[in-house]
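Shown next: input.cif, containing mmCIF, C-alpha atoms.
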```cif
data_work
#
loop_
_atom_site.label_atom_id
_atom_site.label_comp_id
_atom_site.auth_asym_id
_atom_site.auth_seq_id
_atom_site.Cartn_x
_atom_site.Cartn_y
_atom_site.Cartn_z
CA MET L 1291 -20.52 44.14 7.16
CA THR L 1292 -20.84 41.54 9.85
CA SER L 1293 -20.39 43.22 13.15
CA ARG L 1294 -17.57 42.18 15.42
CA THR L 1295 -18.23 40.62 18.78
CA PRO L 1296 -17.89 43.53 21.20
CA THR L 1297 -16.44 41.70 24.17
CA SER L 1298 -13.98 38.86 24.68
CA SER L 1299 -16.66 36.75 26.31
CA ARG L 1300 -18.98 37.10 23.33
CA ARG L 1301 -16.10 36.77 20.85
CA SER L 1302 -15.13 33.48 22.43
CA ALA L 1303 -18.64 32.06 22.11
CA THR L 1304 -18.87 28.48 20.89
CA ALA L 1305 -17.78 28.01 17.23
CA VAL L 1306 -19.03 24.84 15.58
CA ALA L 1307 -15.67 23.54 14.37
CA LEU L 1308 -13.92 24.42 17.60
CA LEU L 1309 -16.07 23.52 20.57
CA THR L 1310 -18.33 20.75 19.35
CA ALA L 1311 -15.65 18.35 20.53
CA PHE L 1312 -16.72 18.53 24.22
CA ALA L 1313 -16.03 16.27 23.59
CA LEU L 1314 4.01 8.64 3.98
CA MET L 1315 14.25 6.01 -3.16
CA GLY L 1316 14.47 2.85 -4.00
CA THR L 1317 15.64 2.39 -7.54
CA ALA L 1318 16.24 -0.77 -9.55
CA CYS L 1319 18.96 -0.95 -12.13
CA THR L 1320 17.86 -2.60 -15.31
CA GLY L 1321 19.82 -3.29 -18.40
CA GLY L 1322 23.43 -4.38 -18.29
CA GLN L 1323 26.69 -4.52 -20.12
CA ALA L 1324 26.28 -5.06 -23.86
CA SER L 1325 27.99 -8.01 -25.54
CA PRO L 1326 31.39 -6.92 -26.76
CA SER L 1327 31.48 -6.40 -30.51
CA ALA L 1328 34.56 -7.70 -32.29
CA ALA L 1329 36.17 -6.16 -35.35
CA PRO L 1330 39.33 -7.46 -37.05
CA SER L 1331 42.30 -5.23 -36.57
CA ASN L 1332 45.69 -6.59 -37.76
CA GLY L 1333 44.69 -10.09 -36.68
CA SER L 1334 43.59 -8.94 -33.24
CA THR L 1335 40.25 -8.02 -31.80
CA SER L 1336 39.26 -5.09 -29.68
CA GLN L 1337 36.32 -4.79 -27.35
CA SER L 1338 34.04 -1.81 -27.71
CA ALA L 1339 33.30 0.28 -24.65
CA SER L 1340 30.34 -0.91 -22.63
CA PRO L 1341 27.40 1.51 -22.41
CA THR L 1342 26.65 3.04 -19.06
CA PRO L 1343 23.87 1.15 -17.30
CA SER L 1344 20.69 3.16 -17.06
CA ASP L 1345 18.78 3.55 -13.82
CA THR L 1346 15.03 3.13 -14.07
CA PRO L 1347 13.21 4.58 -11.05
CA THR L 1348 10.84 2.24 -9.33
CA PRO L 1349 7.44 3.79 -8.64
CA ILE L 1350 7.22 4.95 -5.03
CA ALA L 1351 4.42 3.31 -3.13
CA THR L 1352 2.21 5.86 -1.43
CA ALA L 1353 0.53 4.78 1.76
CA SER L 1354 -3.23 5.02 1.53
CA TYR L 1355 -5.23 7.37 3.69
CA LYS L 1356 -7.44 5.60 6.17
CA PRO L 1357 -9.91 7.55 8.28
CA ALA L 1358 -10.36 6.76 11.93
CA ASP L 1359 -12.93 4.15 12.80
CA ALA L 1360 -13.92 1.95 15.70
CA LYS L 1361 -10.80 -0.16 15.19
CA GLY L 1362 -8.23 2.62 15.43
CA ARG L 1363 -7.10 6.14 14.71
CA ALA L 1364 -6.70 7.68 11.26
CA GLN L 1365 -3.62 6.74 9.24
CA ASN L 1366 -1.55 8.59 6.61
CA VAL L 1367 -3.60 11.76 6.91
CA PRO L 1368 -2.22 14.30 4.39
CA LEU L 1369 -0.97 17.49 6.01
CA PRO L 1370 -2.79 20.51 4.54
CA VAL L 1371 -0.44 22.68 2.46
CA LEU L 1372 -0.66 26.44 2.72
CA PRO L 1373 -2.02 27.72 -0.61
CA GLU L 1374 0.05 30.29 -2.47
CA ALA L 1375 -2.86 32.68 -2.32
CA ALA L 1376 -2.79 32.54 1.48
CA LYS L 1377 0.71 34.05 1.50
CA ALA L 1378 -0.49 37.44 0.29
CA LYS L 1379 -1.98 40.32 2.20
CA THR L 1380 -5.03 40.52 -0.04
CA LYS L 1381 -8.72 39.78 0.23
CA GLU L 1382 -8.13 36.50 -1.61
CA GLY L 1383 -5.24 35.76 0.73
CA ALA L 1384 -7.38 36.27 3.83
CA ILE L 1385 -10.06 33.95 2.49
CA ALA L 1386 -7.51 31.28 1.50
CA PHE L 1387 -5.91 31.48 4.94
CA ALA L 1388 -9.23 31.11 6.74
CA LYS L 1389 -9.98 27.95 4.76
CA HIS L 1390 -6.47 26.65 5.48
CA TRP L 1391 -6.89 27.31 9.19
CA PHE L 1392 -9.98 25.13 9.35
CA ASN L 1393 -8.19 22.44 7.30
CA LEU L 1394 -5.48 22.39 9.95
CA LEU L 1395 -8.12 22.17 12.67
CA SER L 1396 -9.66 19.19 10.88
CA TYR L 1397 -6.18 17.64 10.60
CA GLY L 1398 -5.78 18.09 14.33
CA TYR L 1399 -9.00 16.26 15.08
CA GLU L 1400 -7.93 13.34 12.88
CA THR L 1401 -4.33 13.01 14.03
CA GLY L 1402 -4.03 14.72 17.38
CA ASP L 1403 -1.13 16.70 15.88
CA LEU L 1404 -1.74 20.35 16.66
CA ARG L 1405 1.72 21.69 15.83
CA PRO L 1406 0.74 22.99 12.35
CA LEU L 1407 -2.33 24.70 13.83
CA ASN L 1408 -0.34 26.23 16.68
CA ILE L 1409 2.04 27.90 14.23
CA VAL L 1410 -0.77 29.98 12.71
CA THR L 1411 -2.79 30.56 15.88
CA SER L 1412 -2.22 33.10 18.61
CA ASP L 1413 -1.81 31.77 22.15
CA SER L 1414 -4.35 34.36 23.24
CA CYS L 1415 -7.23 32.68 21.37
CA GLU L 1416 -9.28 31.20 24.21
CA PRO L 1417 -11.80 29.18 22.14
CA CYS L 1418 -8.86 27.71 20.23
CA ALA L 1419 -7.19 26.70 23.49
CA LYS L 1420 -10.35 24.94 24.68
CA ALA L 1421 -10.71 22.97 21.46
CA LYS L 1422 -7.03 22.03 21.46
CA ALA L 1423 -7.31 20.84 25.06
CA VAL L 1424 -10.10 18.45 24.05
CA ILE L 1425 -8.14 17.17 21.05
CA ASN L 1426 -5.05 16.64 23.20
CA ALA L 1427 -7.02 14.83 25.90
CA TRP L 1428 -8.56 12.41 23.43
CA ASN L 1429 -5.26 11.58 21.75
CA THR L 1430 -3.41 10.38 24.85
CA GLU L 1431 -3.38 7.11 26.76
CA GLY L 1432 -4.43 5.19 23.65
CA ARG L 1433 -7.65 7.12 23.07
CA TRP L 1434 -8.69 8.59 19.73
CA LEU L 1435 -11.43 10.49 17.94
CA VAL L 1436 -13.57 9.34 15.02
CA GLY L 1437 -15.06 12.01 12.79
CA GLY L 1438 -14.87 15.71 13.49
CA LEU L 1439 -13.84 16.54 9.92
CA VAL L 1440 -14.30 20.21 9.14
CA THR L 1441 -15.26 21.81 5.84
CA THR L 1442 -15.99 25.44 4.99
CA PRO L 1443 -18.96 25.81 2.60
CA SER L 1444 -18.83 29.59 2.70
CA VAL L 1445 -16.02 32.08 3.43
CA SER L 1446 -16.20 35.84 2.89
CA THR L 1447 -14.62 39.10 4.03
CA GLU L 1448 -14.96 42.80 3.34
CA PHE L 1449 -11.19 43.01 3.98
CA VAL L 1450 -11.28 46.11 6.14
CA GLN L 1451 -8.55 46.47 8.75
CA GLY L 1452 -9.82 47.29 12.19
CA ALA L 1453 -8.32 49.53 14.84
CA ASP L 1454 -6.66 46.49 16.41
CA MET L 1455 -4.95 45.74 13.06
CA THR L 1456 -7.05 42.62 12.45
CA TYR L 1457 -9.24 41.66 9.52
CA GLN L 1458 -12.56 39.88 9.99
CA VAL L 1459 -13.41 36.80 7.93
CA ALA L 1460 -16.86 35.21 8.13
CA VAL L 1461 -16.77 31.43 7.83
CA GLN L 1462 -19.58 28.93 7.68
CA ALA L 1463 -18.06 25.75 9.09
CA HIS L 1464 -19.50 22.25 8.88
CA GLN L 1465 -18.21 19.47 11.10
CA THR L 1466 -19.07 15.78 11.05
CA PRO L 1467 -20.16 14.15 14.32
CA LEU L 1468 -17.49 13.08 16.76
CA THR L 1469 -17.18 9.71 18.44
CA TYR L 1470 -14.90 9.46 21.45
CA MET L 1471 -13.03 6.13 21.60
CA ARG L 1472 -11.37 4.60 24.65
CA LYS L 1473 -8.10 2.65 24.54
CA ASP L 1474 -9.95 -0.68 24.67
CA GLY L 1475 -12.01 0.24 21.61
CA SER L 1476 -15.19 0.98 23.48
CA VAL L 1477 -17.18 4.12 22.81
CA ALA L 1478 -17.08 6.74 25.50
CA ARG L 1479 -19.58 9.03 23.79
CA ARG L 1480 -21.14 9.62 20.43
CA GLY L 1481 -21.66 13.23 19.51
CA SER L 1482 -24.67 14.39 17.55
CA GLN L 1483 -24.47 16.24 14.25
CA PRO L 1484 -23.70 19.87 15.11
CA ASP L 1485 -25.48 22.61 13.28
CA ASP L 1486 -23.47 24.71 10.86
CA THR L 1487 -22.60 27.91 12.65
CA GLY L 1488 -21.21 31.20 11.40
CA ASN L 1489 -17.74 31.87 12.75
CA LEU L 1490 -15.98 35.20 12.77
CA LEU L 1491 -12.21 34.92 12.46
CA PHE L 1492 -9.98 37.80 13.52
CA ILE L 1493 -6.72 37.50 11.60
CA THR L 1494 -3.62 39.65 11.25
CA PHE L 1495 -0.80 39.81 8.72
CA ALA L 1496 2.73 40.23 10.07
CA LYS L 1497 6.21 39.21 8.93
CA GLY L 1498 4.79 38.03 5.62
CA ALA L 1499 2.23 35.60 7.06
CA TRP L 1500 -1.34 35.47 8.30
CA LYS L 1501 -2.16 34.44 11.84
CA LEU L 1502 -5.42 33.87 13.65
CA VAL L 1503 -5.82 36.08 16.68
CA ASP L 1504 -9.30 35.12 17.86
CA ILE L 1505 -12.52 33.47 16.78
CA GLY L 1506 -16.10 33.84 17.80
CA ARG L 1507 -19.72 33.57 16.72
CA ILE L 1508 -21.17 36.03 14.24
CA VAL L 1509 -23.62 38.44 15.84
CA GLY L 1510 -25.78 41.20 14.43
#
```
Go through the file and emit its structure as structure tokens.
Amino acid sequence: MTSRTPTSSRRSATAVALLTAFALMGTACTGGQASPSAAPSNGSTSQSASPTPSDTPTPIATASYKPADAKGRAQNVPLPVLPEAAKAKTKEGAIAFAKHWFNLLSYGYETGDLRPLNIVTSDSCEPCAKAKAVINAWNTEGRWLVGGLVTTPSVSTEFVQGADMTYQVAVQAHQTPLTYMRKDGSVARRGSQPDDTGNLLFITFAKGAWKLVDIGRIVG
């Protein structure tokens, strides 16, 4: 099994997806009242009851996703949804949660919205705090980030609970280069392509949900 970083300083070593940033009912009623049908009845006519108009839903227009570029920040970025598997205290659940965590990190880089990530991340995670500080800084005063999308080519765990009640999940994370944009549209810095790095996530399951406690580089 991948060994755990023995000290907080080593555990909080740079993780590729964390520290490389040093960086959307209207409806339309169709149809109408039918023509009254007449039938003789003792020299008089009676009108048949009109059918109830039917409502035909109008297709809802979905705003298109647009990644960030030199002209502006990303638009209509879909919020990652927690997979059902990630709600269980199982090996599969731990793996699904680890992938979801990195999806939320990627969402943060694109949108500057870190609230979903904060919900599943412990305040004590120092590398996480550093990455979030960078994301926050570059999503204020009109600035934005281009790139930084995170994917997880490989995720694995032996699903053994440690003495501190955490489980270790090894994650290979890949992140696209980051470009730091100023308010006026000029480029402050262009980041290079970071190498894929093995990350070791320390996660815990409490109150029916997983949470990331810490993250570091795989050693040993």
Report task. Tell me, as a ChimeraX atom specification, which residues lie within 7 Å of stretch 1351-1360 of chain L, counting all atoms listed in the file; anything in the same chain fewer than 5 positions away does not count. Result -> /L:1314,1365-1367,1436,1475
Please write the residues from the selection above to a file, keeping C-alpha atoms, as a PDB file, keeping the file's coordinate frame.
```pdb
ATOM      1  CA  LEU L1314       4.010   8.640   3.980  1.00  0.00           C
ATOM      2  CA  GLN L1365      -3.620   6.740   9.240  1.00  0.00           C
ATOM      3  CA  ASN L1366      -1.550   8.590   6.610  1.00  0.00           C
ATOM      4  CA  VAL L1367      -3.600  11.760   6.910  1.00  0.00           C
ATOM      5  CA  VAL L1436     -13.570   9.340  15.020  1.00  0.00           C
ATOM      6  CA  GLY L1475     -12.010   0.240  21.610  1.00  0.00           C
TER       7      GLY L1475
END
```
Taking the file as shown, find all residues satisfying the PyMOL selection byres ((chain L and resi 1446) around 10) and write them as an mmCIF file with C-alpha atoms, in the coordinates of the input.
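Once written, selection_17.cif looks like this:
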```
data_model
loop_
_atom_site.group_PDB
_atom_site.id
_atom_site.type_symbol
_atom_site.label_atom_id
_atom_site.label_comp_id
_atom_site.auth_asym_id
_atom_site.auth_seq_id
_atom_site.Cartn_x
_atom_site.Cartn_y
_atom_site.Cartn_z
ATOM 1 C CA LYS L 1381 -8.720 39.780 0.230
ATOM 2 C CA GLU L 1382 -8.130 36.500 -1.610
ATOM 3 C CA ALA L 1384 -7.380 36.270 3.830
ATOM 4 C CA ILE L 1385 -10.060 33.950 2.490
ATOM 5 C CA ALA L 1386 -7.510 31.280 1.500
ATOM 6 C CA ALA L 1388 -9.230 31.110 6.740
ATOM 7 C CA SER L 1444 -18.830 29.590 2.700
ATOM 8 C CA VAL L 1445 -16.020 32.080 3.430
ATOM 9 C CA THR L 1447 -14.620 39.100 4.030
ATOM 10 C CA GLU L 1448 -14.960 42.800 3.340
ATOM 11 C CA PHE L 1449 -11.190 43.010 3.980
ATOM 12 C CA GLN L 1458 -12.560 39.880 9.990
ATOM 13 C CA VAL L 1459 -13.410 36.800 7.930
ATOM 14 C CA ALA L 1460 -16.860 35.210 8.130
ATOM 15 C CA VAL L 1461 -16.770 31.430 7.830
ATOM 16 C CA GLN L 1462 -19.580 28.930 7.680
ATOM 17 C CA LEU L 1490 -15.980 35.200 12.770
#
```
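Our summary of the geometry notes that atom CA of L:Pro1370 is positioned 7.2 Å from atom CA of L:His1390.
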8 Å per side around stretch 1418-1431 of chain L: axis-aligned box centre and edge lengths, as AutoDock Vina command-line options:
```
--center_x -7.0 --center_y 17.4 --center_z 23.5 --size_x 23.3 --size_y 36.6 --size_z 22.5
```
Report task. Using the chain letters and numbers from the file, give me the residues hit by the PyMOL selection byres ((chain L and resi 1372) around 10), as a list of chain:residue names. Result ->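 Applying the expression gives L:Leu1369, L:Pro1370, L:Val1371, L:Pro1373, L:Glu1374, L:Ala1375, L:Ala1376, L:Lys1377, L:Ala1386, L:Phe1387, L:Lys1389, L:His1390, L:Trp1391, L:Asn1393, L:Leu1394.
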Query - Residue neighbourhood L:Tyr1399, 10 Å, only C-alpha atoms, exclusion window fewer than 3 positions, as a PyMOL selection string - result: chain L and resi 1307-1308+1311+1364+1393-1396+1402-1404+1421-1422+1424-1426+1428-1429+1434-1440+1468
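Put simply, atom CA of L:Gln1483 is 28.6 Å away from atom CA of L:Asp1413.
Minimum atom-to-atom distance to L:Gly1432, evaluated using all atoms listed in the file, belongs to L:Arg1472 out of L:Lys1379, L:Lys1497, L:Pro1484, L:Arg1472.
Picture a line from atom CA of L:Tyr1470 to atom CA of L:Tyr1397; it runs 16.1 Å.
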Determine, counting all atoms listed in the file, which protein, DNA and RNA residues have an atom within 10 Å of an atom of L:Ala1478; residues of the same chain fewer than 5 positions away are not included. Present the result as a short mmCIF file (atom, residue, chain, number, x, y, z; two decimals) with C-alpha atoms, in the frame of the given file.
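Full text of part32.cif as output:
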```
data_model
loop_
_atom_site.label_atom_id
_atom_site.label_comp_id
_atom_site.auth_asym_id
_atom_site.auth_seq_id
_atom_site.Cartn_x
_atom_site.Cartn_y
_atom_site.Cartn_z
CA ALA L 1313 -16.03 16.27 23.59
CA ARG L 1433 -7.65 7.12 23.07
CA THR L 1469 -17.18 9.71 18.44
CA TYR L 1470 -14.90 9.46 21.45
CA MET L 1471 -13.03 6.13 21.60
CA ARG L 1472 -11.37 4.60 24.65
CA LYS L 1473 -8.10 2.65 24.54
#
```
Query - Counting all atoms listed in the file, the option among L:Gln1451, L:Asp1474, L:Glu1416, L:Ser1482 closest to L:Glu1431 - result: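 Looking at the shortest contact to L:Glu1431, the residue is L:Asp1474.
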Keeping C-alpha atoms (and nothing else), can you write stretch 1413-1456 of chain L of this structure as an mmCIF file, in the first residue's frame?
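decode-v2.cif, written as the output of this step:
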```cif
data_model
loop_
_atom_site.group_PDB
_atom_site.id
_atom_site.type_symbol
_atom_site.label_atom_id
_atom_site.label_comp_id
_atom_site.auth_asym_id
_atom_site.auth_seq_id
_atom_site.Cartn_x
_atom_site.Cartn_y
_atom_site.Cartn_z
ATOM 1 C CA ASP L 1413 -10.719 23.717 7.064
ATOM 2 C CA SER L 1414 -7.556 22.095 8.366
ATOM 3 C CA CYS L 1415 -6.326 21.116 4.887
ATOM 4 C CA GLU L 1416 -3.438 23.527 4.348
ATOM 5 C CA PRO L 1417 -2.674 22.723 0.674
ATOM 6 C CA CYS L 1418 -6.376 23.144 -0.060
ATOM 7 C CA ALA L 1419 -6.378 26.552 1.622
ATOM 8 C CA LYS L 1420 -3.412 27.690 -0.471
ATOM 9 C CA ALA L 1421 -5.036 26.630 -3.728
ATOM 10 C CA LYS L 1422 -8.340 28.251 -2.760
ATOM 11 C CA ALA L 1423 -6.535 31.481 -1.914
ATOM 12 C CA VAL L 1424 -5.083 31.600 -5.430
ATOM 13 C CA ILE L 1425 -8.459 30.866 -7.021
ATOM 14 C CA ASN L 1426 -10.120 33.558 -4.915
ATOM 15 C CA ALA L 1427 -7.433 36.107 -5.737
ATOM 16 C CA TRP L 1428 -7.768 35.558 -9.467
ATOM 17 C CA ASN L 1429 -11.556 35.815 -9.455
ATOM 18 C CA THR L 1430 -11.807 39.276 -7.907
ATOM 19 C CA GLU L 1431 -11.470 42.787 -9.307
ATOM 20 C CA GLY L 1432 -12.460 41.582 -12.778
ATOM 21 C CA ARG L 1433 -9.661 39.033 -13.109
ATOM 22 C CA TRP L 1434 -10.165 35.442 -14.216
ATOM 23 C CA LEU L 1435 -8.379 32.190 -14.981
ATOM 24 C CA VAL L 1436 -8.204 30.324 -18.285
ATOM 25 C CA GLY L 1437 -7.558 26.592 -18.147
ATOM 26 C CA GLY L 1438 -6.720 24.704 -14.997
ATOM 27 C CA LEU L 1439 -9.214 21.927 -15.761
ATOM 28 C CA VAL L 1440 -8.557 18.834 -13.677
ATOM 29 C CA THR L 1441 -9.090 15.201 -14.636
ATOM 30 C CA THR L 1442 -8.234 12.014 -12.746
ATOM 31 C CA PRO L 1443 -6.828 9.296 -15.040
ATOM 32 C CA SER L 1444 -6.211 6.909 -12.166
ATOM 33 C CA VAL L 1445 -7.806 6.532 -8.709
ATOM 34 C CA SER L 1446 -7.254 3.635 -6.312
ATOM 35 C CA THR L 1447 -7.459 2.710 -2.644
ATOM 36 C CA GLU L 1448 -6.857 -0.303 -0.439
ATOM 37 C CA PHE L 1449 -9.709 1.028 1.737
ATOM 38 C CA VAL L 1450 -8.019 0.475 5.064
ATOM 39 C CA GLN L 1451 -8.992 2.809 7.896
ATOM 40 C CA GLY L 1452 -6.063 4.339 9.698
ATOM 41 C CA ALA L 1453 -5.637 5.129 13.359
ATOM 42 C CA ASP L 1454 -6.809 8.680 12.694
ATOM 43 C CA MET L 1455 -10.055 7.288 11.197
ATOM 44 C CA THR L 1456 -9.124 8.350 7.666
#
```
